[in-house]
>>> print(open('target_19.pdb').read())   # PDB, C-alpha atoms, pLDDT in the B column
ATOM      1  CA  MET A 486      38.898  68.074  -3.752  1.00 55.00           C
ATOM      2  CA  ASP A 487      35.562  69.901  -3.559  1.00 64.00           C
ATOM      3  CA  LYS A 488      33.653  70.377  -6.742  1.00 69.00           C
ATOM      4  CA  PRO A 489      34.065  73.992  -7.912  1.00 78.00           C
ATOM      5  CA  ALA A 490      30.901  76.059  -7.715  1.00 84.00           C
ATOM      6  CA  PRO A 491      29.427  77.516 -10.890  1.00 88.00           C
ATOM      7  CA  ILE A 492      30.644  81.000 -11.776  1.00 92.00           C
ATOM      8  CA  ALA A 493      28.028  83.627 -11.014  1.00 91.00           C
ATOM      9  CA  TRP A 494      28.083  86.348 -13.663  1.00 93.00           C
ATOM     10  CA  ASN A 495      28.121  89.701 -11.900  1.00 94.00           C
ATOM     11  CA  ASP A 496      29.220  93.291 -12.418  1.00 95.00           C
ATOM     12  CA  SER A 497      32.756  92.584 -11.196  1.00 95.00           C
ATOM     13  CA  LEU A 498      33.335  90.568 -14.391  1.00 96.00           C
ATOM     14  CA  ILE A 499      32.252  93.361 -16.736  1.00 97.00           C
ATOM     15  CA  THR A 500      35.091  94.926 -18.702  1.00 97.00           C
ATOM     16  CA  GLY A 501      32.979  97.640 -20.322  1.00 97.00           C
ATOM     17  CA  VAL A 502      33.793  96.486 -23.877  1.00 97.00           C
ATOM     18  CA  PRO A 503      30.441  95.119 -25.095  1.00 97.00           C
ATOM     19  CA  GLU A 504      31.788  92.492 -27.508  1.00 97.00           C
ATOM     20  CA  ILE A 505      34.224  91.128 -24.923  1.00 97.00           C
ATOM     21  CA  ASP A 506      31.597  91.086 -22.171  1.00 98.00           C
ATOM     22  CA  ALA A 507      29.049  89.288 -24.377  1.00 97.00           C
ATOM     23  CA  GLN A 508      31.610  86.607 -25.206  1.00 97.00           C
ATOM     24  CA  HIS A 509      32.687  86.290 -21.571  1.00 97.00           C
ATOM     25  CA  GLN A 510      29.050  85.689 -20.610  1.00 97.00           C
ATOM     26  CA  ILE A 511      28.878  82.883 -23.173  1.00 95.00           C
ATOM     27  CA  LEU A 512      32.139  81.412 -21.858  1.00 95.00           C
ATOM     28  CA  VAL A 513      30.849  81.524 -18.271  1.00 95.00           C
ATOM     29  CA  HIS A 514      27.587  79.885 -19.344  1.00 94.00           C
ATOM     30  CA  THR A 515      29.504  77.222 -21.316  1.00 93.00           C
ATOM     31  CA  LEU A 516      31.773  76.513 -18.336  1.00 92.00           C
ATOM     32  CA  ASN A 517      28.820  76.277 -15.976  1.00 94.00           C
ATOM     33  CA  GLU A 518      27.059  73.852 -18.325  1.00 92.00           C
ATOM     34  CA  ALA A 519      30.275  71.819 -18.579  1.00 91.00           C
ATOM     35  CA  GLY A 520      30.495  71.767 -14.803  1.00 90.00           C
ATOM     36  CA  GLU A 521      26.947  70.496 -14.532  1.00 90.00           C
ATOM     37  CA  ARG A 522      27.683  67.681 -16.970  1.00 88.00           C
ATOM     38  CA  LEU A 523      30.981  66.787 -15.285  1.00 86.00           C
ATOM     39  CA  ARG A 524      29.417  66.750 -11.807  1.00 84.00           C
ATOM     40  CA  HIS A 525      27.037  64.011 -12.881  1.00 83.00           C
ATOM     41  CA  GLY A 526      29.596  61.470 -14.041  1.00 81.00           C
ATOM     42  CA  ALA A 527      30.785  62.414 -17.491  1.00 82.00           C
ATOM     43  CA  SER A 528      31.780  59.807 -20.062  1.00 86.00           C
ATOM     44  CA  VAL A 529      34.715  60.035 -22.464  1.00 87.00           C
ATOM     45  CA  GLU A 530      32.237  61.295 -25.075  1.00 89.00           C
ATOM     46  CA  ASP A 531      31.048  64.009 -22.660  1.00 89.00           C
ATOM     47  CA  TYR A 532      34.646  65.090 -22.041  1.00 91.00           C
ATOM     48  CA  GLU A 533      35.310  65.188 -25.776  1.00 92.00           C
ATOM     49  CA  ALA A 534      32.201  67.292 -26.412  1.00 92.00           C
ATOM     50  CA  ILE A 535      32.888  69.636 -23.492  1.00 91.00           C
ATOM     51  CA  THR A 536      36.530  70.233 -24.388  1.00 92.00           C
ATOM     52  CA  HIS A 537      35.658  70.645 -28.071  1.00 93.00           C
ATOM     53  CA  GLU A 538      32.967  73.246 -27.299  1.00 93.00           C
ATOM     54  CA  LEU A 539      35.210  75.132 -24.902  1.00 91.00           C
ATOM     55  CA  LEU A 540      38.196  75.086 -27.193  1.00 93.00           C
ATOM     56  CA  SER A 541      36.158  76.195 -30.210  1.00 95.00           C
ATOM     57  CA  TYR A 542      34.522  79.097 -28.426  1.00 94.00           C
ATOM     58  CA  ALA A 543      37.691  80.096 -26.554  1.00 94.00           C
ATOM     59  CA  LEU A 544      39.632  80.258 -29.832  1.00 95.00           C
ATOM     60  CA  TYR A 545      36.893  82.419 -31.355  1.00 96.00           C
ATOM     61  CA  HIS A 546      36.990  84.684 -28.293  1.00 96.00           C
ATOM     62  CA  PHE A 547      40.792  84.905 -28.324  1.00 97.00           C
ATOM     63  CA  GLU A 548      40.670  85.900 -31.998  1.00 97.00           C
ATOM     64  CA  THR A 549      38.213  88.673 -31.121  1.00 97.00           C
ATOM     65  CA  GLU A 550      40.428  90.024 -28.332  1.00 97.00           C
ATOM     66  CA  GLU A 551      43.561  89.820 -30.446  1.00 97.00           C
ATOM     67  CA  ALA A 552      41.833  91.583 -33.353  1.00 97.00           C
ATOM     68  CA  LEU A 553      40.845  94.372 -30.933  1.00 97.00           C
ATOM     69  CA  MET A 554      44.471  94.561 -29.731  1.00 97.00           C
ATOM     70  CA  GLN A 555      45.527  95.054 -33.333  1.00 96.00           C
ATOM     71  CA  GLU A 556      42.742  97.498 -34.172  1.00 96.00           C
ATOM     72  CA  TYR A 557      43.514  99.768 -31.220  1.00 96.00           C
ATOM     73  CA  GLY A 558      47.322  99.468 -31.357  1.00 95.00           C
ATOM     74  CA  TYR A 559      47.725  97.742 -27.987  1.00 95.00           C
ATOM     75  CA  GLU A 560      51.074  96.222 -28.924  1.00 92.00           C
ATOM     76  CA  HIS A 561      52.459  99.656 -29.813  1.00 92.00           C
ATOM     77  CA  SER A 562      51.333 100.982 -26.459  1.00 91.00           C
ATOM     78  CA  ASP A 563      52.265  98.004 -24.265  1.00 90.00           C
ATOM     79  CA  ALA A 564      54.136  95.264 -26.128  1.00 93.00           C
ATOM     80  CA  HIS A 565      54.975  93.364 -22.924  1.00 94.00           C
ATOM     81  CA  ASP A 566      51.338  93.140 -21.811  1.00 94.00           C
ATOM     82  CA  THR A 567      50.222  92.241 -25.340  1.00 95.00           C
ATOM     83  CA  HIS A 568      52.659  89.326 -25.475  1.00 96.00           C
ATOM     84  CA  ARG A 569      51.725  88.179 -21.957  1.00 95.00           C
ATOM     85  CA  HIS A 570      48.022  88.358 -22.813  1.00 96.00           C
ATOM     86  CA  GLN A 571      48.540  86.308 -25.977  1.00 96.00           C
ATOM     87  CA  ALA A 572      50.717  83.829 -24.048  1.00 96.00           C
ATOM     88  CA  GLU A 573      47.830  83.309 -21.596  1.00 96.00           C
ATOM     89  CA  HIS A 574      45.554  82.524 -24.542  1.00 96.00           C
ATOM     90  CA  ARG A 575      48.077  80.018 -25.921  1.00 97.00           C
ATOM     91  CA  GLY A 576      48.579  78.469 -22.475  1.00 95.00           C
ATOM     92  CA  PHE A 577      44.859  77.883 -22.057  1.00 95.00           C
ATOM     93  CA  THR A 578      44.618  76.386 -25.538  1.00 95.00           C
ATOM     94  CA  HIS A 579      47.567  74.050 -24.907  1.00 96.00           C
ATOM     95  CA  GLN A 580      46.115  72.928 -21.567  1.00 94.00           C
ATOM     96  CA  VAL A 581      42.731  72.042 -23.115  1.00 94.00           C
ATOM     97  CA  ILE A 582      44.468  70.285 -26.009  1.00 95.00           C
ATOM     98  CA  ALA A 583      46.507  68.289 -23.452  1.00 95.00           C
ATOM     99  CA  VAL A 584      43.264  67.158 -21.780  1.00 93.00           C
ATOM    100  CA  ARG A 585      41.961  66.107 -25.206  1.00 94.00           C
ATOM    101  CA  GLU A 586      45.183  64.187 -25.928  1.00 94.00           C
ATOM    102  CA  GLN A 587      44.855  62.363 -22.605  1.00 93.00           C
ATOM    103  CA  LEU A 588      41.290  61.416 -23.543  1.00 92.00           C
ATOM    104  CA  LYS A 589      42.606  59.711 -26.670  1.00 90.00           C
ATOM    105  CA  ALA A 590      44.847  57.657 -24.397  1.00 92.00           C
ATOM    106  CA  GLY A 591      41.850  56.772 -22.202  1.00 88.00           C
ATOM    107  CA  ILE A 592      42.909  59.070 -19.342  1.00 90.00           C
ATOM    108  CA  LEU A 593      40.143  61.210 -17.866  1.00 89.00           C
ATOM    109  CA  THR A 594      41.250  64.311 -15.993  1.00 89.00           C
ATOM    110  CA  PRO A 595      39.371  64.316 -12.667  1.00 90.00           C
ATOM    111  CA  PRO A 596      36.333  66.557 -13.147  1.00 89.00           C
ATOM    112  CA  GLU A 597      37.173  68.662 -10.082  1.00 90.00           C
ATOM    113  CA  SER A 598      40.674  69.353 -11.410  1.00 91.00           C
ATOM    114  CA  LEU A 599      39.433  70.229 -14.874  1.00 91.00           C
ATOM    115  CA  LEU A 600      36.688  72.523 -13.575  1.00 91.00           C
ATOM    116  CA  ALA A 601      39.010  74.188 -11.071  1.00 92.00           C
ATOM    117  CA  PHE A 602      41.522  74.900 -13.841  1.00 93.00           C
ATOM    118  CA  LEU A 603      38.879  76.226 -16.256  1.00 92.00           C
ATOM    119  CA  ASN A 604      37.057  78.387 -13.706  1.00 93.00           C
ATOM    120  CA  ASP A 605      40.230  79.745 -12.102  1.00 94.00           C
ATOM    121  CA  TRP A 606      41.824  80.477 -15.457  1.00 94.00           C
ATOM    122  CA  LEU A 607      38.792  82.324 -16.808  1.00 94.00           C
ATOM    123  CA  LEU A 608      38.202  84.409 -13.693  1.00 95.00           C
ATOM    124  CA  ARG A 609      41.878  85.307 -13.331  1.00 95.00           C
ATOM    125  CA  HIS A 610      42.172  86.121 -17.042  1.00 95.00           C
ATOM    126  CA  ILE A 611      39.108  88.390 -16.995  1.00 96.00           C
ATOM    127  CA  MET A 612      40.007  90.173 -13.763  1.00 96.00           C
ATOM    128  CA  LEU A 613      43.748  90.612 -14.266  1.00 94.00           C
ATOM    129  CA  THR A 614      44.337  90.587 -18.016  1.00 96.00           C
ATOM    130  CA  ASP A 615      41.190  91.402 -19.958  1.00 97.00           C
ATOM    131  CA  LYS A 616      40.323  94.354 -17.731  1.00 97.00           C
ATOM    132  CA  ARG A 617      43.675  95.987 -18.580  1.00 96.00           C
ATOM    133  CA  LEU A 618      43.037  95.489 -22.291  1.00 97.00           C
ATOM    134  CA  ALA A 619      39.475  96.779 -21.918  1.00 97.00           C
ATOM    135  CA  ALA A 620      40.615  99.937 -20.110  1.00 96.00           C
ATOM    136  CA  PHE A 621      42.991 100.622 -23.000  1.00 96.00           C
ATOM    137  CA  ILE A 622      40.281 100.014 -25.631  1.00 97.00           C
ATOM    138  CA  LEU A 623      37.741 102.154 -23.776  1.00 97.00           C
ATOM    139  CA  ALA A 624      40.253 104.999 -23.446  1.00 96.00           C
ATOM    140  CA  ARG A 625      40.833 104.845 -27.214  1.00 95.00           C
ATOM    141  CA  ARG A 626      37.116 104.645 -28.001  1.00 94.00           C
ATOM    142  CA  ASN A 627      36.303 107.549 -25.706  1.00 91.00           C
ATOM    143  CA  ARG A 628      39.044 109.779 -27.079  1.00 84.00           C
ATOM    144  CA  THR A 629      37.654 112.876 -28.748  1.00 60.00           C
ATOM    145  CA  PRO A 630      38.332 112.720 -32.530  1.00 62.00           C
ATOM    146  CA  GLY A 631      41.185 114.944 -33.594  1.00 55.00           C
ATOM    147  CA  ILE A 632      42.825 115.015 -30.151  1.00 51.00           C
ATOM    148  CA  GLY A 633      45.892 112.929 -29.405  1.00 47.00           C
TER     149      GLY A 633
END
>>> encode(input="target_19.pdb", output="structure tokens")
Amino acid sequence: MDKPAPIAWNDSLITGVPEIDAQHQILVHTLNEAGERLRHGASVEDYEAITHELLSYALYHFETEEALMQEYGYEHSDAHDTHRHQAEHRGFTHQVIAVREQLKAGILTPPESLLAFLNDWLLRHIMLTDKRLAAFILARRNRTPGIG
């Protein structure tokens, strides 16, 4: 398996919601740093640090998105998409926790597999899921007060 290339932050990843975009940039940077470390022969300690950092920041980011869902009434507008979005967050969290559990058993996920999962998940989540949420938030933010 080829080593996944770093994610290049570009305009296609922008959702238009400043707090989400700022956090996505940090996630992309964190993933790219993780990739750099993993490409150069990471130890168990490196894996532990990388997965801890990613999990910590991802959970913070998921809390931000889910608070915005609540604040703007996303669930009332699209309960199915809200639940699917939250399920994606939980799925990512469970996958990273599974990697951490394997580490405790002395099993290192191949770096290419781990990076491919992380990069693919983040890009797919931003492009397909977060952009829908962002469009909803932006529509609510841009609504003229007193109308609707």
>>> closest_residue(input="target_19.pdb", among="A:Ala507, A:Ala583, A:Ala493, A:Leu593", to="Asp531 (chain A)", atoms="all atoms listed in the file")
A:Leu593
>>> atom_distance(input="target_19.pdb", atom1="CA of His574 (chain A)", atom2="CA of Phe547 (chain A)")
6.5 Å
>>> closest_atom_pairs(input="target_19.pdb", of="region 567-609 of chain A", to="region 535-541 of chain A", cutoff="10 Å", atoms="all atoms listed in the file", output="CSV")
residue,atom,partner,partner_atom,distance
A:Phe577,CA,A:Leu540,CA,8.9
A:Thr578,CA,A:Leu540,CA,6.8
A:His579,CA,A:Leu540,CA,9.7
A:Gln580,CA,A:Leu540,CA,10.0
A:Val581,CA,A:Thr536,CA,6.6
A:Ile582,CA,A:Leu540,CA,8.0
A:Val584,CA,A:Thr536,CA,7.8
A:Arg585,CA,A:Thr536,CA,6.9
A:Leu599,CA,A:Thr536,CA,9.9
A:Leu603,CA,A:Leu539,CA,9.5
>>> closest_residue(input="target_19.pdb", among="A:Glu533, A:Glu548, A:Glu560, A:Glu573", to="Gln508 (chain A)", atoms="all atoms listed in the file")
A:Glu548
>>> atom_distance(input="target_19.pdb", atom1="CA of Gly501 (chain A)", atom2="CA of His546 (chain A)")
15.7 Å
